[in-house]
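Trainee: Pasting my_file_3.cif below, which is mmCIF, C-alpha atoms and all ligand atoms.
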data_work
loop_
_atom_site.label_atom_id
_atom_site.label_comp_id
_atom_site.auth_asym_id
_atom_site.auth_seq_id
_atom_site.Cartn_x
_atom_site.Cartn_y
_atom_site.Cartn_z
CA MET A 28 -6.32 -12.07 -32.44
CA LYS A 29 -5.21 -13.40 -29.08
CA ARG A 30 -7.58 -12.80 -26.16
CA LEU A 31 -7.46 -13.26 -22.42
CA THR A 32 -10.18 -12.58 -19.88
CA VAL A 33 -9.23 -11.30 -16.46
CA SER A 34 -11.93 -12.60 -14.08
CA LEU A 35 -12.29 -10.72 -10.82
CA PRO A 36 -15.08 -10.79 -8.22
CA ASP A 37 -16.68 -7.54 -9.39
CA ARG A 38 -15.61 -7.33 -13.02
CA ASN A 39 -14.27 -9.29 -15.98
CA TYR A 40 -12.30 -7.60 -18.73
CA GLU A 41 -10.55 -8.61 -21.88
CA ILE A 42 -6.96 -8.21 -22.95
CA GLN A 43 -6.81 -8.27 -26.76
CA ILE A 44 -3.52 -8.67 -28.61
CA GLN A 45 -3.19 -8.18 -32.35
CA ARG A 46 -1.04 -6.30 -34.83
CA GLY A 47 -2.91 -3.25 -36.14
CA LEU A 48 -5.41 -3.22 -33.26
CA LEU A 49 -5.05 0.55 -32.73
CA ALA A 50 -7.05 1.20 -35.88
CA GLN A 51 -9.93 -0.85 -34.44
CA ALA A 52 -9.91 0.88 -31.05
CA GLY A 53 -13.16 2.79 -31.74
CA ARG A 54 -15.22 -0.33 -32.44
CA LEU A 55 -13.69 -2.20 -29.49
CA CYS A 56 -14.17 0.70 -27.06
CA ARG A 57 -17.78 0.98 -28.21
CA GLN A 58 -18.33 -2.71 -27.34
CA ALA A 59 -16.67 -2.32 -23.92
CA LEU A 60 -18.30 1.04 -23.04
CA PRO A 61 -21.71 0.92 -24.75
CA GLN A 62 -23.14 3.85 -22.73
CA ALA A 63 -20.23 6.25 -23.18
CA GLY A 64 -20.63 9.38 -25.30
CA ARG A 65 -17.36 11.12 -24.40
CA LEU A 66 -13.85 9.75 -24.09
CA PHE A 67 -11.02 11.71 -22.50
CA VAL A 68 -7.78 10.38 -23.99
CA ILE A 69 -4.54 10.93 -22.07
CA THR A 70 -1.27 10.40 -23.89
CA ASP A 71 2.27 11.78 -23.73
CA SER A 72 4.38 13.78 -26.13
CA VAL A 73 6.14 10.66 -27.49
CA ALA A 74 3.23 8.22 -27.91
CA GLY A 75 0.92 11.06 -28.91
CA LEU A 76 3.09 12.08 -31.82
CA LEU A 77 3.05 8.55 -33.19
CA PHE A 78 -0.44 7.28 -32.43
CA GLN A 79 -2.90 9.96 -31.34
CA GLU A 80 -4.32 10.81 -34.75
CA ARG A 81 -4.94 7.15 -35.62
CA LEU A 82 -6.68 6.67 -32.29
CA ARG A 83 -8.70 9.87 -32.54
CA ALA A 84 -9.96 8.92 -36.02
CA SER A 85 -10.93 5.44 -34.88
CA LEU A 86 -12.78 6.69 -31.77
CA ALA A 87 -14.56 9.46 -33.68
CA GLY A 88 -15.53 6.91 -36.35
CA ALA A 89 -17.28 4.90 -33.63
CA GLY A 90 -19.30 7.97 -32.61
CA PHE A 91 -17.37 9.12 -29.53
CA GLN A 92 -16.78 12.77 -28.71
CA VAL A 93 -13.05 12.85 -28.01
CA ALA A 94 -10.82 15.16 -25.96
CA LEU A 95 -7.12 14.51 -26.30
CA ARG A 96 -4.68 15.63 -23.63
CA VAL A 97 -0.91 15.34 -24.18
CA VAL A 98 1.25 15.39 -21.03
CA PRO A 99 5.05 15.80 -21.19
CA ALA A 100 6.78 12.42 -21.60
CA GLY A 101 8.54 11.21 -18.46
CA GLU A 102 8.05 10.31 -14.84
CA GLN A 103 7.63 13.95 -13.80
CA SER A 104 4.12 13.91 -15.29
CA LYS A 105 3.03 11.27 -12.79
CA CYS A 106 2.39 13.80 -10.05
CA ALA A 107 -0.47 15.26 -8.04
CA ALA A 108 -0.29 18.64 -9.80
CA GLN A 109 -0.75 17.03 -13.23
CA LEU A 110 -3.58 14.90 -11.87
CA ALA A 111 -5.39 17.94 -10.47
CA GLN A 112 -5.10 19.69 -13.82
CA LEU A 113 -6.57 16.64 -15.57
CA TRP A 114 -9.54 16.57 -13.18
CA GLU A 115 -10.37 20.18 -14.07
CA GLU A 116 -10.01 19.52 -17.79
CA MET A 117 -12.23 16.43 -17.62
CA MET A 118 -14.95 18.47 -15.96
CA ALA A 119 -14.54 21.27 -18.50
CA PHE A 120 -14.97 18.63 -21.24
CA GLY A 121 -18.29 17.61 -19.65
CA LEU A 122 -17.29 14.09 -18.66
CA THR A 123 -20.12 12.22 -16.88
CA ARG A 124 -20.15 8.98 -14.91
CA THR A 125 -21.13 6.97 -17.98
CA ASP A 126 -18.19 8.31 -20.04
CA GLY A 127 -14.64 7.03 -20.03
CA VAL A 128 -10.91 7.71 -19.95
CA VAL A 129 -8.40 6.17 -22.36
CA ALA A 130 -4.68 5.78 -21.59
CA LEU A 131 -2.50 5.79 -24.73
CA GLY A 132 1.18 5.35 -23.92
CA GLY A 133 3.58 3.70 -21.51
CA GLY A 134 3.46 3.05 -17.80
CA VAL A 135 3.49 6.69 -16.72
CA VAL A 136 0.46 7.52 -18.85
CA GLY A 137 -1.36 4.34 -17.81
CA ASP A 138 -0.82 4.98 -14.10
CA LEU A 139 -1.73 8.67 -14.32
CA ALA A 140 -4.78 8.19 -16.55
CA GLY A 141 -5.92 5.20 -14.51
CA PHE A 142 -5.73 7.16 -11.26
CA ALA A 143 -7.53 10.08 -12.90
CA ALA A 144 -10.27 7.64 -14.00
CA ALA A 145 -10.41 6.08 -10.52
CA THR A 146 -10.94 9.41 -8.80
CA ILE A 147 -12.92 11.68 -11.12
CA LEU A 148 -16.63 11.59 -10.25
CA ARG A 149 -15.75 8.79 -7.78
CA GLY A 150 -14.61 6.58 -10.65
CA VAL A 151 -15.33 6.24 -14.37
CA ASP A 152 -14.49 3.44 -16.81
CA PHE A 153 -11.13 3.38 -18.47
CA VAL A 154 -9.35 1.62 -21.33
CA GLN A 155 -5.65 0.87 -21.46
CA ILE A 156 -3.88 1.12 -24.84
CA PRO A 157 -0.24 0.47 -23.85
CA THR A 158 2.43 1.34 -26.40
CA THR A 159 5.66 0.27 -24.67
CA LEU A 160 6.73 -3.30 -23.98
CA LEU A 161 6.81 -2.64 -20.24
CA ALA A 162 3.25 -1.35 -20.25
CA GLN A 163 2.03 -4.14 -22.55
CA VAL A 164 3.36 -6.97 -20.38
CA ASP A 165 2.93 -5.43 -16.95
CA SER A 166 1.50 -2.08 -15.96
CA SER A 167 -1.60 -2.03 -18.20
CA VAL A 168 -2.93 -5.23 -16.62
CA GLY A 169 -4.04 -5.60 -13.02
CA GLY A 170 -5.43 -2.23 -12.04
CA LYS A 171 -2.60 -0.66 -10.06
CA VAL A 172 -2.81 3.08 -10.75
CA ALA A 173 -0.97 5.84 -8.94
CA VAL A 174 0.97 9.08 -8.90
CA ASN A 175 4.31 9.74 -7.20
CA LEU A 176 4.78 11.89 -4.11
CA GLU A 177 7.95 13.68 -3.03
CA ARG A 178 8.62 10.88 -0.54
CA GLY A 179 8.50 8.11 -3.11
CA LYS A 180 6.99 6.53 -6.20
CA ASN A 181 3.37 5.35 -6.41
CA LEU A 182 2.54 6.50 -2.89
CA ALA A 183 -0.92 7.88 -3.80
CA GLY A 184 -2.96 5.42 -5.81
CA ALA A 185 -5.76 2.91 -6.11
CA PHE A 186 -6.72 -0.46 -7.48
CA TRP A 187 -8.89 0.48 -10.43
CA GLN A 188 -9.26 -2.17 -13.11
CA PRO A 189 -9.67 -1.16 -16.76
CA ARG A 190 -12.69 -2.23 -18.83
CA LEU A 191 -10.46 -3.28 -21.70
CA VAL A 192 -6.77 -3.59 -22.57
CA LEU A 193 -5.85 -3.22 -26.25
CA ILE A 194 -2.34 -4.36 -27.11
CA ASP A 195 -1.05 -3.56 -30.59
CA PRO A 196 2.43 -5.10 -31.03
CA ASP A 197 3.04 -2.80 -34.03
CA ALA A 198 3.48 0.03 -31.52
CA LEU A 199 6.69 -1.61 -30.33
CA ASP A 200 8.41 -1.26 -33.71
CA SER A 201 9.08 2.42 -33.05
CA LEU A 202 10.63 1.92 -29.60
CA PRO A 203 14.32 2.77 -29.19
CA ASP A 204 16.39 -0.28 -28.18
CA PRO A 205 16.90 0.83 -24.55
CA VAL A 206 13.14 1.28 -24.07
CA PHE A 207 12.48 -2.16 -25.57
CA ALA A 208 15.16 -3.62 -23.25
CA ASP A 209 13.41 -1.99 -20.30
CA GLY A 210 10.32 -4.07 -21.01
CA MET A 211 12.43 -7.18 -21.49
CA ALA A 212 13.39 -6.97 -17.80
CA GLU A 213 9.75 -7.65 -16.91
CA VAL A 214 9.51 -10.41 -19.54
CA ILE A 215 12.59 -12.10 -18.03
CA LYS A 216 11.00 -11.69 -14.59
CA TYR A 217 7.93 -13.69 -15.68
CA GLY A 218 10.18 -16.47 -16.96
CA CYS A 219 12.06 -16.55 -13.64
CA ILE A 220 9.04 -16.59 -11.33
CA ALA A 221 6.41 -18.51 -13.25
CA ASP A 222 7.38 -20.16 -16.54
CA GLU A 223 10.43 -22.30 -17.13
CA ALA A 224 9.52 -22.73 -20.82
CA LEU A 225 9.51 -18.93 -21.24
CA LEU A 226 12.90 -18.71 -19.52
CA ARG A 227 14.36 -21.29 -21.93
CA PHE A 228 12.67 -19.60 -24.90
CA LEU A 229 14.29 -16.28 -23.96
CA GLU A 230 17.68 -17.92 -23.66
CA GLN A 231 17.25 -19.38 -27.14
CA HIS A 232 15.92 -16.10 -28.61
CA ALA A 233 18.13 -13.62 -26.80
CA SER A 234 17.91 -10.66 -29.18
CA ARG A 235 15.30 -8.08 -30.09
CA PRO A 236 14.79 -9.33 -33.69
CA GLN A 237 14.20 -12.89 -32.47
CA ILE A 238 11.72 -11.76 -29.81
CA THR A 239 9.96 -9.48 -32.30
CA GLN A 240 9.32 -12.45 -34.60
CA GLU A 241 7.39 -14.15 -31.81
CA ILE A 242 6.09 -11.03 -30.13
CA GLU A 243 2.39 -11.91 -30.06
CA SER A 244 2.99 -15.13 -28.20
CA VAL A 245 5.52 -13.50 -25.84
CA LEU A 246 2.94 -10.80 -24.99
CA TYR A 247 0.22 -13.42 -24.56
CA THR A 248 2.37 -15.59 -22.27
CA CYS A 249 3.34 -12.64 -20.05
CA CYS A 250 -0.20 -11.22 -19.83
CA ASP A 251 -1.52 -14.70 -19.04
CA ILE A 252 0.91 -15.04 -16.12
CA LYS A 253 -0.07 -11.61 -14.86
CA ARG A 254 -3.77 -12.45 -15.30
CA LYS A 255 -3.45 -15.57 -13.14
CA VAL A 256 -1.53 -13.76 -10.41
CA VAL A 257 -3.99 -10.84 -10.32
CA GLU A 258 -6.98 -13.20 -10.27
CA GLN A 259 -5.48 -14.95 -7.23
CA ASP A 260 -4.56 -11.80 -5.36
CA GLU A 261 -5.96 -8.59 -6.80
CA ARG A 262 -5.02 -6.50 -3.73
CA ASP A 263 -1.38 -7.55 -3.49
CA THR A 264 -1.40 -9.23 -0.11
CA GLY A 265 -0.10 -12.64 -1.20
CA ALA A 266 0.71 -14.22 -4.57
CA ARG A 267 0.91 -10.86 -6.37
CA MET A 268 4.04 -10.08 -4.37
CA LEU A 269 5.84 -12.58 -6.63
CA LEU A 270 5.72 -9.88 -9.33
CA ASN A 271 8.11 -7.90 -7.14
CA PHE A 272 11.03 -10.16 -7.99
CA GLY A 273 13.92 -7.77 -8.70
CA HIS A 274 11.92 -4.77 -7.54
CA THR A 275 12.95 -4.55 -3.86
CA LEU A 276 16.59 -3.97 -4.75
CA GLY A 277 15.54 -2.40 -8.04
CA HIS A 278 14.01 0.45 -6.01
CA ALA A 279 17.36 0.89 -4.26
CA TYR A 280 19.16 1.14 -7.62
CA GLU A 281 16.65 3.65 -8.97
CA LEU A 282 17.25 5.69 -5.82
CA ALA A 283 21.04 5.25 -6.10
CA GLY A 284 20.85 6.81 -9.58
CA ARG A 285 18.50 9.53 -8.26
CA TYR A 286 15.92 8.29 -10.81
CA GLN A 287 18.09 9.75 -13.61
CA LEU A 288 20.92 7.30 -14.19
CA TRP A 289 18.98 4.06 -14.44
CA THR A 290 15.62 3.27 -15.95
CA HIS A 291 13.10 1.10 -14.10
CA GLY A 292 13.90 -1.92 -16.30
CA GLN A 293 17.65 -1.54 -15.82
CA ALA A 294 17.20 -1.27 -12.06
CA VAL A 295 14.88 -4.31 -11.99
CA ALA A 296 17.34 -6.34 -14.10
CA ALA A 297 20.20 -5.65 -11.67
CA GLY A 298 17.74 -6.21 -8.81
CA MET A 299 16.84 -9.68 -10.13
CA VAL A 300 20.50 -10.64 -10.42
CA ARG A 301 21.35 -9.42 -6.90
CA GLU A 302 18.23 -10.93 -5.34
CA ALA A 303 19.02 -14.26 -7.00
CA GLU A 304 22.56 -14.02 -5.59
CA LEU A 305 21.07 -13.38 -2.14
CA GLY A 306 18.91 -16.45 -2.77
CA VAL A 307 22.09 -18.45 -3.36
CA GLU A 308 23.60 -17.13 -0.12
CA LEU A 309 20.42 -18.07 1.75
CA GLY A 310 20.44 -21.57 0.27
CA ILE A 311 17.21 -21.04 -1.74
CA THR A 312 18.37 -20.31 -5.30
CA PRO A 313 20.53 -22.82 -7.22
CA PRO A 314 23.83 -21.08 -8.15
CA ASN A 315 23.51 -21.93 -11.84
CA LEU A 316 20.05 -20.29 -11.93
CA ALA A 317 21.45 -17.00 -10.57
CA ALA A 318 24.14 -17.17 -13.27
CA ARG A 319 21.51 -17.81 -15.99
CA ILE A 320 19.53 -14.76 -14.90
CA GLY A 321 22.68 -12.61 -15.08
CA GLU A 322 23.53 -13.87 -18.56
CA LEU A 323 20.00 -13.30 -19.81
CA THR A 324 19.75 -9.72 -18.57
CA GLN A 325 23.14 -8.98 -20.12
CA ALA A 326 22.12 -10.52 -23.45
CA PHE A 327 19.29 -7.98 -23.66
CA GLY A 328 21.60 -5.06 -22.89
CA LEU A 329 20.52 -4.74 -19.28
CA PRO A 330 22.99 -4.27 -16.41
CA ARG A 331 24.01 -7.20 -14.19
CA ASP A 332 24.90 -4.92 -11.32
CA ILE A 333 24.50 -1.30 -10.27
CA PRO A 334 26.63 0.39 -7.61
CA CYS A 335 24.63 1.25 -4.51
CA THR A 336 25.59 2.51 -1.06
CA GLY A 337 24.34 0.96 2.17
CA ARG A 338 22.53 4.22 2.79
CA ASP A 339 20.51 3.93 -0.43
CA TYR A 340 19.76 0.27 0.27
CA ALA A 341 18.52 1.27 3.73
CA ALA A 342 16.39 4.13 2.43
CA ALA A 343 14.80 2.01 -0.28
CA ILE A 344 14.10 -0.89 2.04
CA GLY A 345 12.69 1.39 4.72
CA LEU A 346 10.30 2.98 2.23
CA ASP A 347 9.22 -0.22 0.55
CA LYS A 348 5.43 -0.33 0.76
CA LYS A 349 5.41 -4.13 0.63
CA GLY A 350 7.39 -4.53 3.86
CA ALA A 351 5.27 -4.97 6.98
CA GLY A 352 6.81 -3.35 10.09
CA GLU A 353 10.45 -4.27 10.39
CA ALA A 354 10.12 -7.27 8.10
CA ILE A 355 10.38 -7.34 4.33
CA THR A 356 9.33 -10.02 1.88
CA LEU A 357 12.00 -10.89 -0.65
CA ILE A 358 11.05 -12.86 -3.74
CA LEU A 359 13.59 -15.58 -4.39
CA PRO A 360 13.65 -18.05 -7.30
CA ASP A 361 13.96 -21.57 -5.88
CA ARG A 362 14.03 -23.38 -9.23
CA PRO A 363 13.77 -22.30 -12.89
CA GLY A 364 10.31 -20.81 -13.52
CA HIS A 365 9.33 -20.72 -9.85
CA ALA A 366 9.84 -18.34 -6.92
CA ILE A 367 8.89 -18.13 -3.27
CA ARG A 368 8.11 -15.38 -0.82
CA TYR A 369 10.86 -15.13 1.79
CA PRO A 370 10.09 -12.82 4.71
CA MET A 371 13.11 -11.55 6.59
CA GLY A 372 14.07 -8.72 8.95
CA LYS A 373 15.07 -5.49 7.24
CA GLN A 374 18.16 -5.25 9.42
CA ALA A 375 19.21 -8.79 8.52
CA LEU A 376 18.75 -8.02 4.82
CA LEU A 377 20.83 -4.85 5.12
CA GLU A 378 23.63 -6.79 6.81
CA LEU A 379 23.55 -9.39 4.04
CA LEU A 380 23.76 -6.67 1.41
N1 LIG B 401 3.64 -4.38 -11.44
C1 LIG B 401 3.39 -5.23 -10.35
C2 LIG B 401 1.94 -5.44 -10.07
O1 LIG B 401 1.11 -5.11 -10.88
O2 LIG B 401 1.60 -5.97 -9.04
#
So, in terms of structure tokens, how does the structure I just supplied come out?
Mentor:
Amino acid sequence: MKRLTVSLPDRNYEIQIQRGLLAQAGRLCRQALPQAGRLFVITDSVAGLLFQERLRASLAGAGFQVALRVVPAGEQSKCAAQLAQLWEEMMAFGLTRTDGVVALGGGVVGDLAGFAAATILRGVDFVQIPTTLLAQVDSSVGGKVAVNLERGKNLAGAFWQPRLVLIDPDALDSLPDPVFADGMAEVIKYGCIADEALLRFLEQHASRPQITQEIESVLYTCCDIKRKVVEQDERDTGARMLLNFGHTLGHAYELAGRYQLWTHGQAVAAGMVREAELGVELGITPPNLAARIGELTQAFGLPRDIPCTGRDYAAAIGLDKKGAGEAITLILPDRPGHAIRYPMGKQALLELL
């Protein structure tokens, strides 16, 4: 078992990583939530089919009363209407402030369940059990929870840290290749911004079977980077912005594909390549580093570039929550395994693009 502790001013919580951990979820939830009698589990139609019965049996075996709610798989479930329905169902189940919510699934489920936990009864405990690579290395750690609004993604949300994150790498075995590749975009991002050894490791193990052989240590390394960043800057006003490498332009590519053509990971991959190229133009990123990032994303089946109009760039940059006023903070790698925050005017960025 690999363990990490996320230490924050008002709470510490563990990230546990081990093959087969799902079957031990009941015992581990009992340790993390000793007062809880009821657990409201939120999953989606894909993760639920594969894992819900194993989880239900484990939780019931540890003495929890369990309600299981399956939402349709996909981003459309991360909306205010779904959230409102969950609130009503949690109350009908008899959830109290000492009970808890469990997220079983990918990023959509984690964000939706986390925001439901943050808001029901002014906040109850929750446990993340991520089942996609993207959720295991990124969205399950750090407490960002949200739903989408018509005007953009993640516009209604909260910082609500989980009590426990249980990562079972076995869950990844059932992922289709494109979904695995989606998570690899975030893994590559960690290598680029924070860990030169990880970047080199990925270059030397640039296929799914090779990564899978070392998956526990890859997950540990990524979660450890995220842990350190979140501990430094839980509320995303400084160092945490480094995690946005590839995401500023990634948002533009998601928008350019009307959220249908490109997945988040594909958009982030192309965003990292383009942002690194901008870094070269601005004299920050060494040219050979930008080329390495392009080759790595391509090796994992992710796009190096995505067509995007100036209009979509403008819309995405204008909506970016991380930009303050007319300025925006780009994240630019300045050497392998390191990145800097680079504030610039939105208009100047648009002209460069
Ligand atoms: N996924 C980026 C963050 O947690 O800040």
Trainee: Wanna dump the chain A-ligand LIG 401 (chain B) contacts at 8 Å for me, each residue with its shortest atom pair and the distance in Å to one decimal, counting only C-alpha atoms and all ligand atoms, ordered by chain and number, as CSV?
Mentor:
residue,atom,partner,partner_atom,distance
A:Asp165,CA,B:LIG401,N1,5.7
A:Ser166,CA,B:LIG401,N1,5.5
A:Val168,CA,B:LIG401,O1,7.0
A:Gly169,CA,B:LIG401,O1,5.6
A:Gly170,CA,B:LIG401,O1,7.2
A:Lys171,CA,B:LIG401,O1,5.9
A:Lys253,CA,B:LIG401,O1,7.7
A:Val257,CA,B:LIG401,O2,7.5
A:Asp263,CA,B:LIG401,O2,6.5
A:Arg267,CA,B:LIG401,O2,5.6
A:Met268,CA,B:LIG401,O2,6.7
A:Leu270,CA,B:LIG401,C1,5.3
A:Asn271,CA,B:LIG401,C1,6.3
Trainee: What is the distance, in Å and to one decimal place, between atom CA of A:Gly134 and atom CA of A:Leu282?
Mentor: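 Straight-line distance from atom CA of A:Gly134 to atom CA of A:Leu282 works out to 18.5 Å.
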Trainee: If we count only C-alpha atoms and set the cut-off at 10 Å, which residues sit around A:Tyr40, ignoring sequence neighbours fewer than 6 positions away in its own chain? Please answer as a VMD selection string.
Mentor: chain A and resid 31 to 34 59 168 188 to 192
Trainee: Taking all atoms listed in the file into account, which of A:Gly210, A:Pro313, A:Gly298, A:Gly218 comes nearest A:Arg235?
Mentor: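 Among A:Gly210, A:Pro313, A:Gly298, A:Gly218, it is A:Gly210 that comes nearest to A:Arg235.
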Trainee: Fewer than 2 positions away in the same chain doesn't count, so skip those; otherwise give me all residues within 12 Å of A:Gly121, counting all atoms listed in the file, as a PyMOL selection string.
Mentor: chain A and resi 64-67+92-94+114-119+123-127+147-148
Trainee: So which residues are close to (-8.2, -11.3, -34.2), meaning at most 12 Å away in the file's coordinates with all atoms listed in the file counted, and can you show them as a list of chain:residue names?
Mentor: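 Those within range, by chain then number, are A:Met28, A:Lys29, A:Arg30, A:Leu31, A:Ile42, A:Gln43, A:Ile44, A:Gln45, A:Arg46, A:Gly47, A:Leu48, A:Gln51, A:Leu55, A:Leu193, A:Ile194, A:Asp195, A:Glu243.
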Trainee: Work out how far apart atom CA of A:Gly273 and atom CA of A:Leu323 are and give it in Å to one decimal.
Mentor: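 Interatomic distance, atom CA of A:Gly273 to atom CA of A:Leu323: 13.8 Å.
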Trainee: Using only C-alpha atoms, which residue out of A:Ala198, A:Ala173, A:Val164, A:Leu110 lies closest to A:Val98?
Mentor: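 Distance minimum relative to A:Val98 lands on A:Leu110.
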Trainee: Which value, in Å to one decimal, gives the distance between atom CA of A:Glu322 and atom CA of A:Val300?
Mentor: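 Atom-to-atom, atom CA of A:Glu322 to atom CA of A:Val300, that is 9.3 Å.
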Trainee: Identify, on the basis of all atoms listed in the file, every residue whose closest approach to stretch 367-377 of chain A does not exceed 6 Å; exclude the query and any residue fewer than 2 positions from it along the same chain; express the result as a list in words.
Mentor: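 Counting only the stated atoms, we get Glu353, Ala354, Ile355, Thr356, Leu357, Ile358, Leu359, Leu379 and Leu380 of chain A.
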Trainee: Write out as a list in words which residues come within 12 Å of A:Glu241 when counting all atoms listed in the file, dropping same-chain ones fewer than 4 positions away.
Mentor: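 After dropping sequence-adjacent residues, the list is Arg46, Pro196, Leu225, Phe228, Leu229, His232, Ala233, Ser234, Arg235, Pro236, Gln237, Val245, Leu246, Tyr247 and Thr248 of chain A.
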Trainee: In terms of the shortest atom-to-atom distance over all atoms listed in the file, which of A:Val174, A:Ala145, A:Leu182, A:Cys250 is closest to A:Ala162?
Mentor: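 Using all atoms listed in the file, the shortest distance to A:Ala162 belongs to A:Cys250.
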Trainee: Work out where the centre of an axis-aligned box around every listed atom of stretch 158-171 of chain A lies and how long its edges are once 4 Å is added on each side; give both in Å to one decimal as lines of an AutoDock Vina configuration file.
Mentor:
center_x = 0.7
center_y = -2.8
center_z = -18.2
size_x = 20.2
size_y = 16.3
size_z = 24.3
Trainee: Name the residues in contact with stretch 289-293 of chain A at a cut-off of 7 Å, using only C-alpha atoms, excluding same-chain residues fewer than 2 positions from it; report them as a list in words.
Mentor: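 Selected residues are Asp209, Gly210, Ala212, Glu281, Gly284, Tyr286, Gln287, Val295, Ala296, Ala297, Leu329 and Pro330 of chain A.
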Trainee: Which residue is closest to A:Gly75? Choose from A:Ala366, A:Leu199, A:Ala341, A:Val136 and count all atoms listed in the file.
Mentor: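 Using all atoms listed in the file, the shortest distance to A:Gly75 belongs to A:Val136.
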Trainee: Using all atoms listed in the file, pick whichever of A:Pro36, A:Pro61, A:Gly328, A:Gly53 has the shortest atom-to-atom distance to A:Asp152.
Mentor: A:Pro61
Trainee: Go through A:Leu77, A:Ala283, A:Phe186, A:Val151 one by one, measure the shortest atom-to-atom distance of each to A:Ser167 using only C-alpha atoms, and give the residue with the smallest value.
Mentor: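 Using only C-alpha atoms, the shortest distance to A:Ser167 belongs to A:Phe186.
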Trainee: Where atoms are absent from stretch 228-233 of chain A, fill them in so it carries all heavy atoms, then output it as a PDB file, keeping the file's coordinate frame.
Mentor:
ATOM      1  N   PHE A 228      12.939 -20.267 -23.615  1.00  0.00           N
ATOM      2  CA  PHE A 228      12.670 -19.600 -24.900  1.00  0.00           C
ATOM      3  C   PHE A 228      13.493 -18.311 -25.006  1.00  0.00           C
ATOM      4  O   PHE A 228      14.095 -18.023 -26.049  1.00  0.00           O
ATOM      5  CB  PHE A 228      11.165 -19.287 -25.006  1.00  0.00           C
ATOM      6  CG  PHE A 228      10.816 -18.438 -26.196  1.00  0.00           C
ATOM      7  CD1 PHE A 228      10.526 -19.015 -27.424  1.00  0.00           C
ATOM      8  CD2 PHE A 228      10.794 -17.044 -26.100  1.00  0.00           C
ATOM      9  CE1 PHE A 228      10.222 -18.214 -28.532  1.00  0.00           C
ATOM     10  CE2 PHE A 228      10.489 -16.251 -27.196  1.00  0.00           C
ATOM     11  CZ  PHE A 228      10.208 -16.846 -28.412  1.00  0.00           C
ATOM     12  N   LEU A 229      13.537 -17.543 -23.935  1.00  0.00           N
ATOM     13  CA  LEU A 229      14.290 -16.280 -23.960  1.00  0.00           C
ATOM     14  C   LEU A 229      15.774 -16.540 -24.136  1.00  0.00           C
ATOM     15  O   LEU A 229      16.464 -15.810 -24.859  1.00  0.00           O
ATOM     16  CB  LEU A 229      14.031 -15.481 -22.674  1.00  0.00           C
ATOM     17  CG  LEU A 229      12.583 -15.006 -22.463  1.00  0.00           C
ATOM     18  CD1 LEU A 229      12.423 -14.355 -21.089  1.00  0.00           C
ATOM     19  CD2 LEU A 229      12.157 -14.031 -23.560  1.00  0.00           C
ATOM     20  N   GLU A 230      16.257 -17.592 -23.515  1.00  0.00           N
ATOM     21  CA  GLU A 230      17.680 -17.920 -23.660  1.00  0.00           C
ATOM     22  C   GLU A 230      17.994 -18.318 -25.101  1.00  0.00           C
ATOM     23  O   GLU A 230      19.077 -18.039 -25.609  1.00  0.00           O
ATOM     24  CB  GLU A 230      18.058 -19.046 -22.690  1.00  0.00           C
ATOM     25  CG  GLU A 230      18.071 -18.557 -21.250  1.00  0.00           C
ATOM     26  CD  GLU A 230      18.251 -19.670 -20.226  1.00  0.00           C
ATOM     27  OE1 GLU A 230      17.795 -20.809 -20.463  1.00  0.00           O
ATOM     28  OE2 GLU A 230      18.824 -19.401 -19.172  1.00  0.00           O
ATOM     29  N   GLN A 231      17.023 -18.944 -25.750  1.00  0.00           N
ATOM     30  CA  GLN A 231      17.250 -19.380 -27.140  1.00  0.00           C
ATOM     31  C   GLN A 231      16.942 -18.276 -28.158  1.00  0.00           C
ATOM     32  O   GLN A 231      17.222 -18.439 -29.346  1.00  0.00           O
ATOM     33  CB  GLN A 231      16.383 -20.616 -27.446  1.00  0.00           C
ATOM     34  CG  GLN A 231      16.874 -21.867 -26.740  1.00  0.00           C
ATOM     35  CD  GLN A 231      15.759 -22.891 -26.512  1.00  0.00           C
ATOM     36  OE1 GLN A 231      14.636 -22.705 -27.006  1.00  0.00           O
ATOM     37  NE2 GLN A 231      16.044 -23.932 -25.758  1.00  0.00           N
ATOM     38  N   HIS A 232      16.292 -17.206 -27.711  1.00  0.00           N
ATOM     39  CA  HIS A 232      15.920 -16.100 -28.610  1.00  0.00           C
ATOM     40  C   HIS A 232      16.368 -14.783 -27.978  1.00  0.00           C
ATOM     41  O   HIS A 232      15.583 -13.853 -27.790  1.00  0.00           O
ATOM     42  CB  HIS A 232      14.401 -16.061 -28.836  1.00  0.00           C
ATOM     43  CG  HIS A 232      13.852 -17.279 -29.474  1.00  0.00           C
ATOM     44  ND1 HIS A 232      13.680 -18.462 -28.807  1.00  0.00           N
ATOM     45  CD2 HIS A 232      13.447 -17.515 -30.749  1.00  0.00           C
ATOM     46  CE1 HIS A 232      13.192 -19.374 -29.620  1.00  0.00           C
ATOM     47  NE2 HIS A 232      13.037 -18.826 -30.809  1.00  0.00           N
ATOM     48  N   ALA A 233      17.669 -14.716 -27.650  1.00  0.00           N
ATOM     49  CA  ALA A 233      18.130 -13.620 -26.800  1.00  0.00           C
ATOM     50  C   ALA A 233      18.530 -12.375 -27.595  1.00  0.00           C
ATOM     51  O   ALA A 233      19.617 -11.821 -27.417  1.00  0.00           O
ATOM     52  CB  ALA A 233      19.268 -14.096 -25.919  1.00  0.00           C
TER      53      ALA A 233
END
